[in-house]
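Structure file model_39.csv (CSV, C-alpha atoms) follows.
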```csv
chain,number,residue,atom,x,y,z
A,189,MET,CA,0.9,7.7,4.8
A,190,THR,CA,3.6,5.1,4.9
A,191,VAL,CA,2.6,1.4,4.8
A,192,ASP,CA,5.0,-1.4,5.5
A,193,TYR,CA,3.1,-4.3,3.8
A,194,LEU,CA,6.0,-6.8,3.7
A,195,THR,CA,7.3,-7.2,7.3
A,196,GLY,CA,4.2,-6.6,9.3
A,197,GLY,CA,4.9,-2.9,10.3
A,198,GLY,CA,1.7,-1.9,8.6
A,199,LEU,CA,0.7,1.8,8.8
A,200,THR,CA,3.7,3.3,10.5
A,201,SER,CA,3.5,6.9,9.5
A,202,TRP,CA,0.6,9.3,8.9
A,203,LEU,CA,1.6,12.9,8.7
A,204,VAL,CA,-1.0,15.5,9.6
A,205,GLY,CA,0.1,19.0,10.2
A,206,GLY,CA,3.7,17.9,9.6
A,207,ASN,CA,3.7,15.5,12.5
A,208,ASN,CA,3.3,11.7,12.6
A,209,GLN,CA,0.0,10.6,14.3
A,210,VAL,CA,0.4,6.8,14.4
A,211,ASP,CA,2.7,4.3,15.9
A,212,LYS,CA,1.2,1.2,14.2
A,213,GLN,CA,-2.0,0.0,12.6
A,214,TRP,CA,-2.2,-3.3,10.8
A,215,PHE,CA,-4.4,-6.4,10.1
A,216,TYR,CA,-4.1,-9.9,11.5
A,217,TYR,CA,-5.8,-13.2,10.9
A,218,ARG,CA,-6.2,-16.8,11.9
A,219,THR,CA,-8.0,-19.7,10.2
A,220,GLY,CA,-9.9,-22.8,11.4
A,221,GLY,CA,-12.2,-21.2,13.9
A,222,ALA,CA,-10.3,-22.5,17.0
A,223,PRO,CA,-8.5,-20.5,19.7
A,224,GLY,CA,-4.9,-19.6,18.9
A,225,ALA,CA,-2.4,-16.8,18.1
A,226,VAL,CA,-3.0,-14.5,15.2
A,227,SER,CA,-0.6,-13.7,12.4
A,228,PRO,CA,-0.1,-10.5,10.4
A,229,ILE,CA,-1.7,-10.7,7.0
A,230,ASN,CA,1.7,-10.3,5.3
A,231,ASN,CA,2.5,-13.8,6.5
A,232,ILE,CA,-0.1,-15.1,4.0
A,233,SER,CA,2.2,-14.5,1.1
A,234,ALA,CA,5.8,-13.4,0.9
A,235,SER,CA,5.3,-12.0,-2.6
A,236,PRO,CA,2.0,-10.1,-2.6
A,237,LEU,CA,0.6,-8.4,-5.7
A,238,VAL,CA,1.1,-4.7,-5.3
A,239,GLN,CA,-0.8,-2.2,-7.4
A,240,THR,CA,-1.1,1.6,-7.2
A,241,PRO,CA,-4.4,2.6,-9.0
A,242,ALA,CA,-5.1,6.3,-9.1
A,243,GLY,CA,-2.7,7.1,-6.3
A,244,ARG,CA,-4.0,4.4,-4.0
A,245,LEU,CA,-2.1,1.4,-2.6
A,246,GLN,CA,-3.6,-2.1,-3.1
A,247,VAL,CA,-1.9,-5.2,-1.8
A,248,THR,CA,-3.2,-8.7,-2.4
A,249,TYR,CA,-2.0,-11.7,-0.4
A,250,THR,CA,-2.8,-15.2,-1.7
A,251,ASN,CA,-2.9,-18.4,0.3
A,252,THR,CA,-2.5,-21.6,-1.7
A,253,ALA,CA,-2.3,-24.2,1.1
A,254,GLY,CA,-5.4,-25.9,2.4
A,255,THR,CA,-8.5,-23.8,1.6
A,256,PRO,CA,-7.1,-21.2,-0.8
A,257,PHE,CA,-8.1,-17.6,-0.2
A,258,THR,CA,-6.9,-14.0,-0.8
A,259,VAL,CA,-6.9,-11.0,1.5
A,260,ARG,CA,-6.7,-7.6,-0.4
A,261,ALA,CA,-5.9,-4.4,1.5
A,262,LEU,CA,-6.7,-1.1,-0.3
A,263,PHE,CA,-5.5,2.2,1.2
A,264,ALA,CA,-6.9,5.4,-0.2
A,265,PRO,CA,-6.7,9.1,0.9
A,266,GLY,CA,-9.8,10.7,2.3
A,267,GLY,CA,-9.2,14.4,2.3
A,268,THR,CA,-6.3,16.3,3.9
A,269,SER,CA,-6.5,14.4,7.2
A,270,GLY,CA,-8.6,11.3,6.4
A,271,GLY,CA,-8.0,7.8,5.1
A,272,ASN,CA,-10.1,5.0,3.8
A,273,GLU,CA,-9.2,1.3,4.0
A,274,THR,CA,-11.0,-1.6,2.4
A,275,ILE,CA,-10.2,-5.3,3.3
A,276,THR,CA,-11.6,-7.9,1.0
A,277,ILE,CA,-11.4,-11.6,1.8
A,278,VAL,CA,-12.2,-14.1,-1.0
A,279,ASN,CA,-12.6,-17.8,-0.7
A,280,LEU,CA,-11.0,-19.3,-3.8
A,281,SER,CA,-12.2,-22.8,-3.1
A,282,THR,CA,-15.2,-24.1,-5.1
A,283,THR,CA,-15.9,-26.9,-2.6
A,284,SER,CA,-14.9,-25.9,0.9
A,285,SER,CA,-16.0,-23.1,3.3
A,286,LEU,CA,-13.4,-20.8,4.8
A,287,SER,CA,-13.4,-20.1,8.5
A,288,ILE,CA,-11.3,-17.0,9.1
A,289,ASP,CA,-11.0,-14.4,11.8
A,290,LEU,CA,-9.7,-10.9,10.9
A,291,PHE,CA,-8.4,-8.3,13.3
A,292,GLN,CA,-7.4,-4.6,13.1
A,293,PHE,CA,-5.0,-3.4,15.7
A,294,SER,CA,-4.4,0.4,16.1
A,295,HIS,CA,-2.0,2.5,18.2
A,296,PHE,CA,-2.4,6.2,17.4
A,297,THR,CA,-0.3,8.8,19.2
A,298,LEU,CA,-2.1,12.0,17.9
A,299,ASN,CA,1.1,14.0,18.1
A,300,ASP,CA,1.1,13.5,21.9
A,301,THR,CA,4.0,11.9,23.7
A,302,SER,CA,2.5,12.2,27.2
A,303,GLY,CA,0.3,9.2,26.9
A,304,SER,CA,-2.6,11.3,28.3
A,305,GLU,CA,-5.2,9.9,25.9
A,306,ASN,CA,-8.7,8.4,26.0
A,307,VAL,CA,-10.4,6.0,23.7
A,308,SER,CA,-14.0,4.6,23.6
A,309,ILE,CA,-15.5,2.1,21.2
A,310,GLN,CA,-19.1,1.8,20.1
A,311,THR,CA,-20.3,-1.5,18.7
A,312,GLY,CA,-23.6,-2.5,17.1
A,313,GLY,CA,-24.9,-4.4,14.1
A,314,ALA,CA,-22.1,-4.7,11.6
A,315,ASP,CA,-20.2,-1.7,12.9
A,316,ASN,CA,-17.3,-0.8,15.3
A,317,SER,CA,-16.3,2.8,15.9
A,318,ALA,CA,-13.4,4.1,18.0
A,319,TRP,CA,-13.1,7.7,19.2
A,320,GLN,CA,-9.7,8.7,20.6
A,321,THR,CA,-8.9,12.1,22.1
A,322,ASN,CA,-5.9,13.7,23.7
A,323,SER,CA,-5.2,16.5,26.2
A,324,SER,CA,-4.4,19.1,23.4
A,325,GLY,CA,-7.7,18.8,21.6
A,326,GLY,CA,-6.6,16.3,19.0
A,327,TYR,CA,-8.9,13.4,18.0
A,328,LEU,CA,-9.3,10.3,15.8
A,329,ASN,CA,-12.4,8.6,14.6
A,330,ASP,CA,-12.0,5.1,13.2
A,331,ALA,CA,-15.2,3.6,11.9
A,332,ALA,CA,-15.3,0.1,10.5
A,333,SER,CA,-18.2,-1.9,8.9
A,334,ALA,CA,-18.3,-5.5,7.7
A,335,LEU,CA,-20.7,-6.3,4.8
A,336,PRO,CA,-22.5,-8.6,5.3
A,337,ALA,CA,-22.5,-8.4,9.1
A,338,ALA,CA,-20.4,-11.0,11.0
A,339,PRO,CA,-19.9,-11.8,14.7
A,340,HIS,CA,-17.4,-9.2,16.0
A,341,PHE,CA,-15.6,-8.1,19.1
A,342,ALA,CA,-13.5,-5.1,20.2
A,343,GLU,CA,-11.0,-4.2,22.8
A,344,ALA,CA,-9.7,-0.9,24.2
A,345,SER,CA,-6.5,-1.2,26.2
A,346,VAL,CA,-3.1,0.4,26.9
A,347,GLY,CA,0.5,-0.2,25.9
A,348,ASN,CA,1.2,-3.7,24.5
A,349,LEU,CA,-1.5,-5.6,26.4
A,350,THR,CA,-3.9,-6.4,23.5
A,351,MET,CA,-1.1,-7.3,21.1
A,352,SER,CA,0.5,-9.6,23.7
A,353,SER,CA,-2.9,-11.3,24.2
A,354,MET,CA,-3.5,-11.7,20.5
A,355,LEU,CA,-0.1,-13.4,20.0
A,356,SER,CA,-0.7,-16.0,22.8
A,357,PRO,CA,-1.4,-19.6,21.7
A,358,THR,CA,-4.4,-19.6,24.0
A,359,PHE,CA,-6.0,-16.5,22.7
A,360,THR,CA,-9.7,-16.7,22.1
A,361,HIS,CA,-11.4,-13.4,21.3
A,362,LEU,CA,-11.0,-9.7,22.1
A,363,ASN,CA,-12.4,-9.0,25.5
A,364,ASN,CA,-15.0,-6.3,24.6
A,365,ASN,CA,-13.6,-3.8,27.0
A,366,LEU,CA,-14.8,-0.6,25.3
A,367,SER,CA,-12.8,2.2,27.0
A,368,ALA,CA,-9.3,3.0,28.2
A,369,SER,CA,-7.1,5.9,29.3
A,370,GLY,CA,-3.4,6.5,29.1
A,371,ASP,CA,-1.2,5.2,26.2
A,372,VAL,CA,-4.2,3.8,24.5
A,373,THR,CA,-4.7,1.2,21.8
A,374,PHE,CA,-7.8,-0.3,20.2
A,375,ALA,CA,-8.6,-3.4,18.2
A,376,TYR,CA,-11.5,-4.9,16.2
A,377,GLU,CA,-12.3,-8.6,15.4
A,378,TRP,CA,-14.6,-10.1,12.8
A,379,ASP,CA,-15.2,-13.9,12.6
A,380,PHE,CA,-16.2,-15.1,9.1
A,381,ASN,CA,-17.4,-18.4,7.7
A,382,ILE,CA,-17.2,-17.8,3.9
A,383,ALA,CA,-19.0,-20.1,1.5
A,384,PRO,CA,-17.1,-21.6,-1.5
A,385,GLY,CA,-16.5,-18.8,-4.0
A,386,GLY,CA,-17.8,-16.2,-1.5
A,387,SER,CA,-16.3,-13.0,-0.2
A,388,GLU,CA,-16.4,-10.6,2.7
A,389,VAL,CA,-15.6,-6.8,2.7
A,390,ILE,CA,-14.6,-4.6,5.6
A,391,SER,CA,-14.8,-0.8,5.0
A,392,ILE,CA,-12.9,1.5,7.3
A,393,ILE,CA,-13.1,5.3,7.4
A,394,GLN,CA,-10.6,7.3,9.5
A,395,GLN,CA,-10.3,11.0,10.3
A,396,VAL,CA,-7.5,12.6,12.3
A,397,VAL,CA,-7.7,16.2,13.6
A,398,VAL,CA,-4.9,17.8,15.6
A,399,PRO,CA,-4.6,21.5,16.5
A,400,GLU,CA,-2.1,23.5,14.4
A,401,PRO,CA,1.0,24.4,16.4
A,402,SER,CA,0.2,28.1,15.8
A,403,ALA,CA,-3.3,27.6,17.2
A,404,LEU,CA,-1.9,26.0,20.4
A,405,THR,CA,0.5,29.0,20.7
A,406,LEU,CA,-2.4,31.5,20.4
A,407,ILE,CA,-4.4,29.6,22.9
A,408,GLY,CA,-1.5,29.7,25.3
A,409,LEU,CA,-0.9,33.4,24.8
A,410,GLY,CA,-4.6,34.0,25.2
A,411,LEU,CA,-4.6,32.3,28.6
A,412,VAL,CA,-1.5,34.3,29.7
A,413,SER,CA,-3.1,37.5,28.5
A,414,PHE,CA,-6.4,36.7,30.4
A,415,ALA,CA,-4.5,35.9,33.5
A,416,LEU,CA,-2.5,39.2,33.4
A,417,ARG,CA,-5.7,41.1,32.7
A,418,ARG,CA,-7.5,39.5,35.7
A,419,ARG,CA,-4.5,40.3,37.9
A,420,SER,CA,-4.4,44.0,36.9
A,421,GLN,CA,-8.2,44.3,37.4
A,422,SER,CA,-7.8,42.8,40.9
A,423,CYS,CA,-5.1,45.3,41.7
A,424,PHE,CA,-7.2,48.2,40.5
A,425,ARG,CA,-10.2,47.2,42.6
A,426,ALA,CA,-8.0,46.8,45.7
A,427,PHE,CA,-6.5,50.2,45.2
A,428,TRP,CA,-10.0,51.8,44.6
A,429,LYS,CA,-11.3,50.2,47.8
A,430,SER,CA,-8.5,51.6,49.8
```

Just give me the structure as structure tokens.
Amino acid sequence: MTVDYLTGGGLTSWLVGGNNQVDKQWFYYRTGGAPGAVSPINNISASPLVQTPAGRLQVTYTNTAGTPFTVRALFAPGGTSGGNETITIVNLSTTSSLSIDLFQFSHFTLNDTSGSENVSIQTGGADNSAWQTNSSGGYLNDAASALPAAPHFAEASVGNLTMSSMLSPTFTHLNNNLSASGDVTFAYEWDFNIAPGGSEVISIIQQVVVPEPSALTLIGLGLVSFALRRRSQSCFRAFWKS
């Protein structure tokens, strides 16, 4: 995985089977509880605290203006084709509550440049879960849970439509459209009101599975072999009947 945590690129590379599976995944926020455009979490602080405990990447952004708070993003491996992300928001104020909305935006390609993909999102309780598939048998599962539960929204879309909406000054919430086809994207939203000294945690578990190139070749050869076999059998039957 490659994470651009300084300029807002976010997760820009995730190699599975030697191929990149993601175009972009990153986190965005806004404070105050009113409609408005979101900002990438790297805008919170130009000089985040970066740590790499036990082969993981942990980046902490600290806001000192208004109600002070931190957003900590932890990225950890989860097997050969899995990843775990944990976002922790801490209200550093001892007197004021923090109203903050957090968003995750994802655009996975799954080693498929055709744009022939499908995504569906399930929501319920504290959870959002996206299931994305492509025409070659690849899939992604992205499951996120906020503890404790918070009001949340989701949006499945295509191209740049969701991101354009999120960057609009009149943006309110994700639209809860839960499925899309084509060059798909998906996004989650959680709206928090954090008490003085309190915190919120979002846990995300991801798994990408794509067929090995050799497997795709074998599948293709199998189909060709099957077609040739059917053709030869048809010719034999025709000759026998005559």

Who sits within 9 Å of Ser353 of chain A, all atoms listed in the file, same chain under 6 positions skipped, as JSON, numbers by chain: {"A": [225, 359, 360, 362]}

For Ala261 of chain A: contacts at 8 Å, all atoms listed in the file, fewer than 2 positions along chain excluded, given as a PyMOL selection string: chain A and resi 246-248+259+263+273-276

Show me, as a PyMOL selection string, the residues that have an atom within 9 Å of Ile277 of chain A when counting only C-alpha atoms, minus same-chain residues fewer than 2 positions from it. chain A and resi 257-260+275+279+382+386-390

Which protein, DNA or RNA residues are at most 9 Å from (-14.8, -6.8, 15.3) in the file's coordinates when you count only C-alpha atoms, listed as an mmCIF file with C-alpha atoms, in the coordinates of the input?
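Result file is point.cif:
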```
data_model
loop_
_atom_site.group_PDB
_atom_site.id
_atom_site.type_symbol
_atom_site.label_atom_id
_atom_site.label_comp_id
_atom_site.auth_asym_id
_atom_site.auth_seq_id
_atom_site.Cartn_x
_atom_site.Cartn_y
_atom_site.Cartn_z
ATOM 1 C CA LEU A 290 -9.700 -10.900 10.900
ATOM 2 C CA PHE A 291 -8.400 -8.300 13.300
ATOM 3 C CA GLN A 292 -7.400 -4.600 13.100
ATOM 4 C CA THR A 311 -20.300 -1.500 18.700
ATOM 5 C CA ALA A 314 -22.100 -4.700 11.600
ATOM 6 C CA ASP A 315 -20.200 -1.700 12.900
ATOM 7 C CA ASN A 316 -17.300 -0.800 15.300
ATOM 8 C CA ALA A 332 -15.300 0.100 10.500
ATOM 9 C CA SER A 333 -18.200 -1.900 8.900
ATOM 10 C CA ALA A 334 -18.300 -5.500 7.700
ATOM 11 C CA ALA A 338 -20.400 -11.000 11.000
ATOM 12 C CA PRO A 339 -19.900 -11.800 14.700
ATOM 13 C CA HIS A 340 -17.400 -9.200 16.000
ATOM 14 C CA PHE A 341 -15.600 -8.100 19.100
ATOM 15 C CA ALA A 342 -13.500 -5.100 20.200
ATOM 16 C CA GLU A 343 -11.000 -4.200 22.800
ATOM 17 C CA LEU A 362 -11.000 -9.700 22.100
ATOM 18 C CA ALA A 375 -8.600 -3.400 18.200
ATOM 19 C CA TYR A 376 -11.500 -4.900 16.200
ATOM 20 C CA GLU A 377 -12.300 -8.600 15.400
ATOM 21 C CA TRP A 378 -14.600 -10.100 12.800
ATOM 22 C CA ASP A 379 -15.200 -13.900 12.600
#
```

From A:Gly313, A:Gly303, A:Pro357, A:Gly266, residue lying nearest Val226 of chain A [all atoms listed in the file]: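 Smallest separation from Val226 of chain A among the options: A:Pro357.
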
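Nearest to Ile393 of chain A of all the residues A:Pro236, A:Gly220, A:Gly270, A:Pro228 is A:Gly270, counting all atoms listed in the file.
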
Can you work out the spacing between atom CA of Ile232 of chain A and atom CA of Pro256 of chain A in Å, to one decimal? 10.5 Å
